[in-house]
file target_24.txt (compact mmCIF, N, CA and C atoms)
# COMPACT_ATOMS: atom_id res chain seq x y z
N MET A 1 -32.22 -100.67 -44.06
CA MET A 1 -30.80 -100.58 -43.77
C MET A 1 -30.17 -99.37 -44.45
N LYS A 2 -30.68 -99.06 -45.66
CA LYS A 2 -30.14 -97.91 -46.39
C LYS A 2 -30.29 -96.63 -45.57
N ASN A 3 -31.47 -96.44 -44.94
CA ASN A 3 -31.67 -95.23 -44.16
C ASN A 3 -30.80 -95.19 -42.91
N LEU A 4 -30.51 -96.34 -42.32
CA LEU A 4 -29.63 -96.38 -41.16
C LEU A 4 -28.21 -95.99 -41.58
N THR A 5 -27.76 -96.49 -42.71
CA THR A 5 -26.45 -96.10 -43.23
C THR A 5 -26.43 -94.61 -43.52
N ALA A 6 -27.51 -94.10 -44.12
CA ALA A 6 -27.61 -92.66 -44.39
C ALA A 6 -27.55 -91.87 -43.08
N GLY A 7 -28.17 -92.40 -42.04
CA GLY A 7 -28.12 -91.75 -40.73
C GLY A 7 -26.72 -91.70 -40.17
N PHE A 8 -25.98 -92.81 -40.31
CA PHE A 8 -24.60 -92.83 -39.82
C PHE A 8 -23.72 -91.83 -40.58
N VAL A 9 -23.88 -91.79 -41.89
CA VAL A 9 -23.11 -90.84 -42.70
C VAL A 9 -23.47 -89.41 -42.30
N ALA A 10 -24.77 -89.14 -42.19
CA ALA A 10 -25.22 -87.80 -41.81
C ALA A 10 -24.73 -87.44 -40.41
N GLY A 11 -24.78 -88.40 -39.49
CA GLY A 11 -24.29 -88.15 -38.13
C GLY A 11 -22.81 -87.84 -38.10
N PHE A 12 -22.03 -88.56 -38.91
CA PHE A 12 -20.60 -88.31 -38.97
C PHE A 12 -20.31 -86.93 -39.54
N VAL A 13 -20.97 -86.58 -40.65
CA VAL A 13 -20.74 -85.28 -41.28
C VAL A 13 -21.16 -84.15 -40.34
N ALA A 14 -22.32 -84.29 -39.72
CA ALA A 14 -22.81 -83.26 -38.79
C ALA A 14 -21.87 -83.13 -37.60
N THR A 15 -21.34 -84.23 -37.11
CA THR A 15 -20.40 -84.20 -35.99
C THR A 15 -19.09 -83.54 -36.41
N ALA A 16 -18.65 -83.79 -37.63
CA ALA A 16 -17.43 -83.15 -38.14
C ALA A 16 -17.63 -81.63 -38.22
N VAL A 17 -18.77 -81.19 -38.75
CA VAL A 17 -19.05 -79.75 -38.83
C VAL A 17 -19.10 -79.16 -37.43
N LEU A 18 -19.80 -79.81 -36.51
CA LEU A 18 -19.89 -79.35 -35.13
C LEU A 18 -18.50 -79.26 -34.51
N SER A 19 -17.66 -80.25 -34.77
CA SER A 19 -16.32 -80.29 -34.19
C SER A 19 -15.45 -79.14 -34.70
N VAL A 20 -15.55 -78.84 -35.99
CA VAL A 20 -14.80 -77.70 -36.55
C VAL A 20 -15.24 -76.41 -35.87
N LEU A 21 -16.53 -76.25 -35.67
CA LEU A 21 -17.04 -75.05 -34.99
C LEU A 21 -16.57 -74.99 -33.54
N MET A 22 -16.53 -76.15 -32.87
CA MET A 22 -16.07 -76.19 -31.48
C MET A 22 -14.59 -75.79 -31.39
N VAL A 23 -13.78 -76.31 -32.28
CA VAL A 23 -12.36 -75.99 -32.28
C VAL A 23 -12.16 -74.51 -32.62
N ALA A 24 -12.90 -74.00 -33.61
CA ALA A 24 -12.80 -72.59 -34.00
C ALA A 24 -13.18 -71.69 -32.83
N LYS A 25 -14.24 -72.05 -32.11
CA LYS A 25 -14.68 -71.29 -30.94
C LYS A 25 -13.57 -71.18 -29.93
N THR A 26 -12.91 -72.29 -29.66
CA THR A 26 -11.82 -72.30 -28.68
C THR A 26 -10.63 -71.50 -29.19
N MET A 27 -10.30 -71.64 -30.47
CA MET A 27 -9.16 -70.90 -31.04
C MET A 27 -9.39 -69.39 -31.00
N MET A 28 -10.65 -68.98 -31.08
CA MET A 28 -10.98 -67.55 -31.01
C MET A 28 -11.04 -67.06 -29.56
N GLY A 29 -10.85 -67.97 -28.61
CA GLY A 29 -10.88 -67.59 -27.20
C GLY A 29 -12.28 -67.46 -26.64
N VAL A 30 -13.26 -68.01 -27.35
CA VAL A 30 -14.64 -67.95 -26.88
C VAL A 30 -14.92 -69.20 -26.04
N MET A 31 -15.14 -69.00 -24.79
CA MET A 31 -15.45 -70.07 -23.84
C MET A 31 -14.53 -71.29 -23.98
N PRO A 32 -13.21 -71.10 -23.85
CA PRO A 32 -12.32 -72.26 -23.97
C PRO A 32 -12.56 -73.31 -22.88
N GLU A 33 -13.18 -72.91 -21.77
CA GLU A 33 -13.49 -73.87 -20.71
C GLU A 33 -14.58 -74.86 -21.12
N LEU A 34 -15.35 -74.51 -22.16
CA LEU A 34 -16.38 -75.41 -22.67
C LEU A 34 -15.75 -76.30 -23.74
N ASP A 35 -15.09 -77.36 -23.27
CA ASP A 35 -14.36 -78.28 -24.15
C ASP A 35 -14.99 -79.66 -24.00
N VAL A 36 -15.89 -79.99 -24.91
CA VAL A 36 -16.67 -81.23 -24.81
C VAL A 36 -15.77 -82.46 -24.87
N ALA A 37 -14.75 -82.45 -25.72
CA ALA A 37 -13.86 -83.61 -25.82
C ALA A 37 -13.13 -83.86 -24.50
N LYS A 38 -12.66 -82.80 -23.87
CA LYS A 38 -12.00 -82.95 -22.56
C LYS A 38 -12.99 -83.44 -21.51
N MET A 39 -14.21 -82.89 -21.55
CA MET A 39 -15.24 -83.31 -20.59
C MET A 39 -15.57 -84.79 -20.75
N LEU A 40 -15.75 -85.23 -22.01
CA LEU A 40 -16.05 -86.64 -22.24
C LEU A 40 -14.89 -87.53 -21.83
N GLY A 41 -13.67 -87.10 -22.17
CA GLY A 41 -12.49 -87.87 -21.77
C GLY A 41 -12.40 -88.02 -20.26
N MET A 42 -12.68 -86.93 -19.55
CA MET A 42 -12.66 -86.97 -18.09
C MET A 42 -13.74 -87.91 -17.57
N MET A 43 -14.94 -87.83 -18.16
CA MET A 43 -16.04 -88.69 -17.71
C MET A 43 -15.74 -90.16 -17.97
N MET A 44 -14.98 -90.45 -19.03
CA MET A 44 -14.64 -91.84 -19.36
C MET A 44 -13.38 -92.30 -18.62
N GLY A 45 -12.74 -91.38 -17.91
CA GLY A 45 -11.52 -91.72 -17.18
C GLY A 45 -10.33 -91.87 -18.11
N THR A 46 -10.39 -91.20 -19.26
CA THR A 46 -9.29 -91.25 -20.23
C THR A 46 -8.87 -89.83 -20.56
N GLY A 47 -8.18 -89.65 -21.64
CA GLY A 47 -7.74 -88.33 -22.05
C GLY A 47 -8.63 -87.70 -23.11
N GLU A 48 -8.18 -86.55 -23.57
CA GLU A 48 -8.94 -85.79 -24.56
C GLU A 48 -9.09 -86.55 -25.88
N ALA A 49 -8.06 -87.29 -26.28
CA ALA A 49 -8.13 -88.03 -27.55
C ALA A 49 -9.30 -89.02 -27.53
N MET A 50 -9.46 -89.72 -26.44
CA MET A 50 -10.58 -90.66 -26.33
C MET A 50 -11.90 -89.91 -26.20
N GLY A 51 -11.85 -88.71 -25.66
CA GLY A 51 -13.04 -87.87 -25.62
C GLY A 51 -13.52 -87.53 -27.03
N TRP A 52 -12.56 -87.26 -27.93
CA TRP A 52 -12.92 -87.01 -29.33
C TRP A 52 -13.51 -88.25 -29.98
N VAL A 53 -12.92 -89.41 -29.68
CA VAL A 53 -13.47 -90.66 -30.22
C VAL A 53 -14.90 -90.85 -29.73
N GLY A 54 -15.11 -90.64 -28.44
CA GLY A 54 -16.46 -90.76 -27.87
C GLY A 54 -17.42 -89.77 -28.50
N HIS A 55 -16.97 -88.55 -28.69
CA HIS A 55 -17.78 -87.50 -29.31
C HIS A 55 -18.25 -87.93 -30.70
N PHE A 56 -17.33 -88.47 -31.51
CA PHE A 56 -17.70 -88.91 -32.85
C PHE A 56 -18.57 -90.16 -32.83
N MET A 57 -18.34 -91.04 -31.88
CA MET A 57 -19.18 -92.25 -31.78
C MET A 57 -20.62 -91.86 -31.42
N ILE A 58 -20.76 -90.95 -30.46
CA ILE A 58 -22.09 -90.50 -30.06
C ILE A 58 -22.78 -89.81 -31.23
N GLY A 59 -22.08 -88.89 -31.89
CA GLY A 59 -22.67 -88.15 -33.00
C GLY A 59 -23.02 -89.02 -34.19
N THR A 60 -22.15 -89.98 -34.48
CA THR A 60 -22.36 -90.83 -35.65
C THR A 60 -23.37 -91.93 -35.38
N ILE A 61 -23.14 -92.69 -34.34
CA ILE A 61 -23.96 -93.88 -34.09
C ILE A 61 -25.24 -93.54 -33.34
N ALA A 62 -25.12 -92.88 -32.19
CA ALA A 62 -26.32 -92.61 -31.38
C ALA A 62 -27.22 -91.58 -32.06
N TRP A 63 -26.67 -90.41 -32.39
CA TRP A 63 -27.51 -89.37 -32.97
C TRP A 63 -27.83 -89.63 -34.44
N GLY A 64 -26.85 -90.03 -35.23
CA GLY A 64 -27.11 -90.32 -36.64
C GLY A 64 -28.04 -91.50 -36.82
N GLY A 65 -27.74 -92.60 -36.13
CA GLY A 65 -28.59 -93.78 -36.21
C GLY A 65 -29.96 -93.53 -35.61
N GLY A 66 -29.99 -92.82 -34.49
CA GLY A 66 -31.26 -92.49 -33.85
C GLY A 66 -32.14 -91.64 -34.74
N PHE A 67 -31.53 -90.69 -35.42
CA PHE A 67 -32.29 -89.84 -36.34
C PHE A 67 -32.91 -90.67 -37.46
N ALA A 68 -32.13 -91.59 -38.01
CA ALA A 68 -32.63 -92.45 -39.10
C ALA A 68 -33.80 -93.30 -38.61
N LEU A 69 -33.65 -93.88 -37.43
CA LEU A 69 -34.69 -94.76 -36.90
C LEU A 69 -35.96 -94.01 -36.51
N LEU A 70 -35.81 -92.79 -36.03
CA LEU A 70 -36.96 -92.02 -35.55
C LEU A 70 -37.49 -91.02 -36.57
N TYR A 71 -36.89 -90.97 -37.74
CA TYR A 71 -37.18 -89.95 -38.74
C TYR A 71 -38.68 -89.72 -38.95
N GLY A 72 -39.44 -90.77 -39.13
CA GLY A 72 -40.87 -90.65 -39.40
C GLY A 72 -41.67 -90.10 -38.23
N LEU A 73 -41.12 -90.15 -37.03
CA LEU A 73 -41.83 -89.68 -35.84
C LEU A 73 -41.48 -88.25 -35.45
N ILE A 74 -40.43 -87.70 -36.05
CA ILE A 74 -39.95 -86.38 -35.67
C ILE A 74 -40.78 -85.32 -36.39
N PRO A 75 -41.30 -84.35 -35.64
CA PRO A 75 -42.09 -83.30 -36.30
C PRO A 75 -41.21 -82.42 -37.19
N GLY A 76 -41.81 -81.90 -38.24
CA GLY A 76 -41.11 -81.01 -39.16
C GLY A 76 -41.52 -81.34 -40.58
N GLY A 77 -41.51 -80.33 -41.42
CA GLY A 77 -41.95 -80.51 -42.80
C GLY A 77 -40.86 -80.92 -43.75
N SER A 78 -39.62 -80.81 -43.35
CA SER A 78 -38.50 -81.17 -44.21
C SER A 78 -37.48 -81.93 -43.40
N ALA A 79 -36.55 -82.58 -44.08
CA ALA A 79 -35.49 -83.31 -43.38
C ALA A 79 -34.65 -82.34 -42.55
N THR A 80 -34.37 -81.17 -43.09
CA THR A 80 -33.58 -80.19 -42.34
C THR A 80 -34.34 -79.72 -41.11
N GLY A 81 -35.63 -79.47 -41.26
CA GLY A 81 -36.44 -79.08 -40.11
C GLY A 81 -36.49 -80.17 -39.05
N LYS A 82 -36.66 -81.40 -39.48
CA LYS A 82 -36.64 -82.53 -38.55
C LYS A 82 -35.28 -82.62 -37.86
N GLY A 83 -34.21 -82.37 -38.60
CA GLY A 83 -32.87 -82.40 -38.03
C GLY A 83 -32.70 -81.34 -36.95
N ILE A 84 -33.24 -80.16 -37.19
CA ILE A 84 -33.15 -79.08 -36.20
C ILE A 84 -33.90 -79.47 -34.93
N VAL A 85 -35.10 -80.01 -35.09
CA VAL A 85 -35.87 -80.48 -33.92
C VAL A 85 -35.07 -81.54 -33.16
N PHE A 86 -34.50 -82.48 -33.90
CA PHE A 86 -33.71 -83.55 -33.29
C PHE A 86 -32.47 -82.97 -32.59
N GLY A 87 -31.82 -81.99 -33.22
CA GLY A 87 -30.66 -81.35 -32.61
C GLY A 87 -31.00 -80.65 -31.30
N ILE A 88 -32.17 -80.03 -31.26
CA ILE A 88 -32.60 -79.36 -30.02
C ILE A 88 -32.87 -80.39 -28.92
N VAL A 89 -33.46 -81.52 -29.28
CA VAL A 89 -33.69 -82.58 -28.29
C VAL A 89 -32.34 -83.14 -27.80
N ALA A 90 -31.39 -83.32 -28.71
CA ALA A 90 -30.05 -83.78 -28.32
C ALA A 90 -29.40 -82.78 -27.37
N TRP A 91 -29.56 -81.50 -27.67
CA TRP A 91 -29.02 -80.44 -26.80
C TRP A 91 -29.66 -80.52 -25.41
N LEU A 92 -30.97 -80.68 -25.38
CA LEU A 92 -31.68 -80.76 -24.10
C LEU A 92 -31.17 -81.94 -23.27
N MET A 93 -30.97 -83.08 -23.93
CA MET A 93 -30.44 -84.25 -23.21
C MET A 93 -29.04 -83.98 -22.68
N MET A 94 -28.22 -83.30 -23.48
CA MET A 94 -26.87 -82.95 -23.03
C MET A 94 -26.93 -82.02 -21.82
N MET A 95 -27.83 -81.05 -21.86
CA MET A 95 -27.92 -80.07 -20.78
C MET A 95 -28.42 -80.69 -19.47
N ILE A 96 -29.32 -81.68 -19.59
CA ILE A 96 -29.92 -82.28 -18.40
C ILE A 96 -29.09 -83.44 -17.85
N ALA A 97 -28.41 -84.18 -18.73
CA ALA A 97 -27.68 -85.37 -18.29
C ALA A 97 -26.17 -85.19 -18.31
N VAL A 98 -25.62 -84.83 -19.45
CA VAL A 98 -24.16 -84.83 -19.61
C VAL A 98 -23.51 -83.69 -18.82
N MET A 99 -24.04 -82.49 -18.94
CA MET A 99 -23.41 -81.35 -18.24
C MET A 99 -23.33 -81.57 -16.72
N PRO A 100 -24.42 -82.00 -16.08
CA PRO A 100 -24.28 -82.26 -14.63
C PRO A 100 -23.27 -83.36 -14.32
N MET A 101 -23.24 -84.44 -15.15
CA MET A 101 -22.28 -85.51 -14.91
C MET A 101 -20.84 -85.02 -15.08
N ALA A 102 -20.65 -84.02 -15.92
CA ALA A 102 -19.31 -83.48 -16.17
C ALA A 102 -18.93 -82.43 -15.13
N GLY A 103 -19.83 -82.15 -14.20
CA GLY A 103 -19.54 -81.18 -13.15
C GLY A 103 -19.85 -79.75 -13.55
N ALA A 104 -20.53 -79.55 -14.66
CA ALA A 104 -20.84 -78.19 -15.13
C ALA A 104 -22.22 -77.72 -14.68
N GLY A 105 -22.93 -78.56 -13.95
CA GLY A 105 -24.25 -78.17 -13.46
C GLY A 105 -25.34 -78.35 -14.51
N LEU A 106 -26.56 -78.24 -14.06
CA LEU A 106 -27.71 -78.34 -14.94
C LEU A 106 -27.63 -77.24 -16.00
N PHE A 107 -27.77 -77.61 -17.25
CA PHE A 107 -27.66 -76.70 -18.38
C PHE A 107 -26.28 -76.03 -18.48
N GLY A 108 -25.29 -76.60 -17.79
CA GLY A 108 -23.94 -76.05 -17.86
C GLY A 108 -23.81 -74.70 -17.19
N MET A 109 -24.75 -74.39 -16.31
CA MET A 109 -24.79 -73.05 -15.72
C MET A 109 -23.60 -72.73 -14.83
N ALA A 110 -22.82 -73.74 -14.43
CA ALA A 110 -21.61 -73.46 -13.67
C ALA A 110 -20.61 -72.69 -14.52
N MET A 111 -20.80 -72.72 -15.84
CA MET A 111 -19.93 -71.97 -16.77
C MET A 111 -20.56 -70.65 -17.19
N GLY A 112 -21.76 -70.36 -16.72
CA GLY A 112 -22.43 -69.12 -17.08
C GLY A 112 -23.47 -69.34 -18.17
N ILE A 113 -24.22 -68.29 -18.46
CA ILE A 113 -25.34 -68.35 -19.39
C ILE A 113 -24.88 -68.62 -20.82
N MET A 114 -23.65 -68.29 -21.16
CA MET A 114 -23.16 -68.51 -22.52
C MET A 114 -23.08 -69.99 -22.87
N ALA A 115 -22.85 -70.84 -21.88
CA ALA A 115 -22.70 -72.28 -22.16
C ALA A 115 -23.97 -72.86 -22.78
N PRO A 116 -25.14 -72.70 -22.17
CA PRO A 116 -26.33 -73.28 -22.82
C PRO A 116 -26.69 -72.57 -24.12
N MET A 117 -26.45 -71.27 -24.20
CA MET A 117 -26.79 -70.55 -25.42
C MET A 117 -25.90 -70.99 -26.58
N MET A 118 -24.60 -71.08 -26.33
CA MET A 118 -23.66 -71.46 -27.38
C MET A 118 -23.89 -72.90 -27.83
N THR A 119 -24.10 -73.79 -26.87
CA THR A 119 -24.30 -75.18 -27.23
C THR A 119 -25.64 -75.37 -27.96
N LEU A 120 -26.63 -74.55 -27.65
CA LEU A 120 -27.90 -74.63 -28.38
C LEU A 120 -27.68 -74.25 -29.85
N VAL A 121 -26.98 -73.16 -30.09
CA VAL A 121 -26.69 -72.74 -31.47
C VAL A 121 -25.93 -73.84 -32.21
N LEU A 122 -24.92 -74.41 -31.55
CA LEU A 122 -24.13 -75.47 -32.18
C LEU A 122 -25.00 -76.70 -32.49
N HIS A 123 -25.92 -77.04 -31.60
CA HIS A 123 -26.78 -78.20 -31.84
C HIS A 123 -27.83 -77.94 -32.92
N ILE A 124 -28.26 -76.69 -33.06
CA ILE A 124 -29.17 -76.35 -34.16
C ILE A 124 -28.43 -76.52 -35.49
N ILE A 125 -27.19 -76.06 -35.55
CA ILE A 125 -26.39 -76.24 -36.76
C ILE A 125 -26.16 -77.73 -37.01
N PHE A 126 -25.80 -78.48 -35.96
CA PHE A 126 -25.62 -79.92 -36.07
C PHE A 126 -26.88 -80.57 -36.67
N GLY A 127 -28.04 -80.21 -36.13
CA GLY A 127 -29.30 -80.79 -36.59
C GLY A 127 -29.61 -80.45 -38.03
N ALA A 128 -29.35 -79.21 -38.42
CA ALA A 128 -29.61 -78.79 -39.80
C ALA A 128 -28.73 -79.58 -40.77
N VAL A 129 -27.46 -79.73 -40.42
CA VAL A 129 -26.54 -80.50 -41.27
C VAL A 129 -26.97 -81.97 -41.28
N LEU A 130 -27.32 -82.50 -40.12
CA LEU A 130 -27.77 -83.89 -40.01
C LEU A 130 -28.95 -84.14 -40.94
N GLY A 131 -29.96 -83.30 -40.87
CA GLY A 131 -31.14 -83.48 -41.70
C GLY A 131 -30.85 -83.33 -43.18
N TYR A 132 -30.07 -82.33 -43.53
CA TYR A 132 -29.75 -82.08 -44.94
C TYR A 132 -28.97 -83.26 -45.53
N VAL A 133 -27.93 -83.69 -44.84
CA VAL A 133 -27.11 -84.80 -45.35
C VAL A 133 -27.92 -86.09 -45.38
N PHE A 134 -28.75 -86.31 -44.36
CA PHE A 134 -29.60 -87.50 -44.35
C PHE A 134 -30.51 -87.52 -45.57
N GLN A 135 -31.14 -86.40 -45.85
CA GLN A 135 -32.03 -86.31 -47.01
C GLN A 135 -31.28 -86.68 -48.29
N ARG A 136 -30.10 -86.16 -48.45
CA ARG A 136 -29.30 -86.44 -49.66
C ARG A 136 -28.88 -87.92 -49.72
N GLN A 137 -28.45 -88.44 -48.58
CA GLN A 137 -27.96 -89.83 -48.54
C GLN A 137 -29.09 -90.85 -48.71
N ALA A 138 -30.23 -90.53 -48.12
CA ALA A 138 -31.36 -91.47 -48.17
C ALA A 138 -32.16 -91.32 -49.46
N GLY A 139 -31.83 -90.31 -50.27
CA GLY A 139 -32.53 -90.11 -51.53
C GLY A 139 -33.96 -89.64 -51.33
N LEU A 140 -34.20 -88.89 -50.26
CA LEU A 140 -35.54 -88.39 -49.97
C LEU A 140 -35.83 -87.16 -50.83
N ALA A 141 -37.09 -86.97 -51.14
CA ALA A 141 -37.50 -85.78 -51.88
C ALA A 141 -37.33 -84.56 -50.97
N GLY A 142 -37.45 -83.40 -51.51
CA GLY A 142 -37.27 -82.15 -50.76
C GLY A 142 -38.17 -82.02 -49.56
N ALA A 143 -38.86 -80.92 -49.44
CA ALA A 143 -39.67 -80.61 -48.24
C ALA A 143 -40.80 -81.60 -48.02
N ALA A 144 -41.20 -82.31 -49.04
CA ALA A 144 -42.34 -83.23 -48.89
C ALA A 144 -41.93 -84.57 -48.27
N ALA A 145 -40.64 -84.78 -48.02
CA ALA A 145 -40.18 -86.08 -47.48
C ALA A 145 -40.70 -86.29 -46.08
N HIS A 146 -41.24 -87.49 -45.83
CA HIS A 146 -41.75 -87.83 -44.48
C HIS A 146 -41.17 -89.13 -44.05
call {"tool": "encode", "arguments": {"input": "target_24.txt", "output": "structure tokens"}}
result
Amino acid sequence: MKNLTAGFVAGFVATAVLSVLMVAKTMMGVMPELDVAKMLGMMMGTGEAMGWVGHFMIGTIAWGGGFALLYGLIPGGSATGKGIVFGIVAWLMMMIAVMPMAGAGLFGMAMGIMAPMMTLVLHIIFGAVLGYVFQRQAGLAGAAAH
């Protein structure tokens, strides 16, 4: 149970970092059409505020909890490395399932090549933070943690 709680905490922190980067990206005028909270809100038939709630629930519970449960099966020599691998898998699932459901096409290509590239970078950062925070919360040793 401790590791599941650590996963939830890590998922929340990683989602918060990802969210700050998403908002900063939009504020800088970089791909403002790529607004995940609006997309989720639209998919849920609600507004952007509920899209943010959904975004944090997915990041905290699904990805954070999933990371904790699957930690021993994820390839990588360190928690951060495992987090990056997990983040890339989460990105792939988003590109194949969520983007088409949101009307952005496979890999978000309806928005151009920047959409999959930018979201990949964001998910790598998400994964690195997820793994690092999980390691700290779960009390795992450094690179030797399995």
call {"tool": "residues_around", "arguments": {"input": "target_24.txt", "residues": "A:Gly139", "least_positions_apart": "4", "cutoff": "10 Å", "atoms": "only C-alpha atoms", "output": "ChimeraX atom specification"}}
result
/A:2-3,6,133-135,145
call {"tool": "write_last_selection", "arguments": {"input": "target_24.txt", "atoms": "N, CA and C atoms", "output": "PDB file, in the frame of the given file"}}
result
ATOM      1  N   LYS A   2     -30.680 -99.060 -45.660  1.00  0.00           N
ATOM      2  CA  LYS A   2     -30.140 -97.910 -46.390  1.00  0.00           C
ATOM      3  C   LYS A   2     -30.290 -96.630 -45.570  1.00  0.00           C
ATOM      4  N   ASN A   3     -31.470 -96.440 -44.940  1.00  0.00           N
ATOM      5  CA  ASN A   3     -31.670 -95.230 -44.160  1.00  0.00           C
ATOM      6  C   ASN A   3     -30.800 -95.190 -42.910  1.00  0.00           C
ATOM      7  N   ALA A   6     -27.510 -94.100 -44.120  1.00  0.00           N
ATOM      8  CA  ALA A   6     -27.610 -92.660 -44.390  1.00  0.00           C
ATOM      9  C   ALA A   6     -27.550 -91.870 -43.080  1.00  0.00           C
ATOM     10  N   VAL A 133     -27.930 -83.690 -44.840  1.00  0.00           N
ATOM     11  CA  VAL A 133     -27.110 -84.800 -45.350  1.00  0.00           C
ATOM     12  C   VAL A 133     -27.920 -86.090 -45.380  1.00  0.00           C
ATOM     13  N   PHE A 134     -28.750 -86.310 -44.360  1.00  0.00           N
ATOM     14  CA  PHE A 134     -29.600 -87.500 -44.350  1.00  0.00           C
ATOM     15  C   PHE A 134     -30.510 -87.520 -45.570  1.00  0.00           C
ATOM     16  N   GLN A 135     -31.140 -86.400 -45.850  1.00  0.00           N
ATOM     17  CA  GLN A 135     -32.030 -86.310 -47.010  1.00  0.00           C
ATOM     18  C   GLN A 135     -31.280 -86.680 -48.290  1.00  0.00           C
ATOM     19  N   ALA A 145     -40.640 -84.780 -48.020  1.00  0.00           N
ATOM     20  CA  ALA A 145     -40.180 -86.080 -47.480  1.00  0.00           C
ATOM     21  C   ALA A 145     -40.700 -86.290 -46.080  1.00  0.00           C
TER      22      ALA A 145
END
call {"tool": "atom_distance", "arguments": {"input": "target_24.txt", "atom1": "atom C of A:Met93", "atom2": "atom N of A:Ala16"}}
result
18.2 Å
call {"tool": "closest_residue", "arguments": {"input": "target_24.txt", "among": "A:Met28, A:Ala102, A:Leu73, A:Val20", "to": "A:Met43", "atoms": "all atoms listed in the file"}}
result
A:Ala102
call {"tool": "residues_around", "arguments": {"input": "target_24.txt", "residues": "A:Gly65", "least_positions_apart": "4", "cutoff": "6 Å", "atoms": "only C-alpha atoms", "output": "list in words"}}
result
Leu4, Gly7, Phe8 and Ile61 of chain A
call {"tool": "closest_residue", "arguments": {"input": "target_24.txt", "among": "A:Met117, A:Ala97, A:Ala110, A:Ala68", "to": "A:Thr5", "atoms": "only C-alpha atoms"}}
result
A:Ala68
call {"tool": "atom_distance", "arguments": {"input": "target_24.txt", "atom1": "atom CA of A:Leu18", "atom2": "atom CA of A:His123"}}
result
7.7 Å
call {"tool": "residues_near_point", "arguments": {"input": "target_24.txt", "point": "(-28.4, -77.9, -21.7)", "cutoff": "10 Å", "atoms": "only C-alpha atoms", "output": "list in words"}}
result
Ile88, Val89, Ala90, Trp91, Leu92, Met93, Met94, Met95, Ile96, Ala97, Val98, Met99, Pro100, Gly105, Leu106, Phe107, Gly108, Met109, Ala115, Pro116, Met117, Met118, Thr119 and Leu120 of chain A
call {"tool": "atom_distance", "arguments": {"input": "target_24.txt", "atom1": "atom N of A:Glu48", "atom2": "atom N of A:Glu33"}}
result
14.6 Å
call {"tool": "select_by_dssp", "arguments": {"input": "target_24.txt", "residues": "stretch 47-117 of chain A", "states": "helix (DSSP H, G or I)", "output": "PyMOL selection string"}}
result
chain A and resi 48-73+79-101+106-111+114-117
call {"tool": "closest_residue", "arguments": {"input": "target_24.txt", "among": "A:Gly127, A:Gly72, A:Gly64, A:Gly87", "to": "A:Gly11", "atoms": "only N, CA and C atoms"}}
result
A:Gly64
call {"tool": "residues_near_point", "arguments": {"input": "target_24.txt", "point": "(-29.7, -82.4, -43.3)", "cutoff": "12 Å", "atoms": "only C-alpha atoms", "output": "number ranges by chain"}}
result
A: 6-7, 9-15, 17, 64, 67-68, 71, 78-87, 124-140, 142-143, 145
call {"tool": "closest_residue", "arguments": {"input": "target_24.txt", "among": "A:Ile58, A:Met39, A:Met50, A:Met44", "to": "A:Gly103", "atoms": "only C-alpha atoms"}}
result
A:Met39
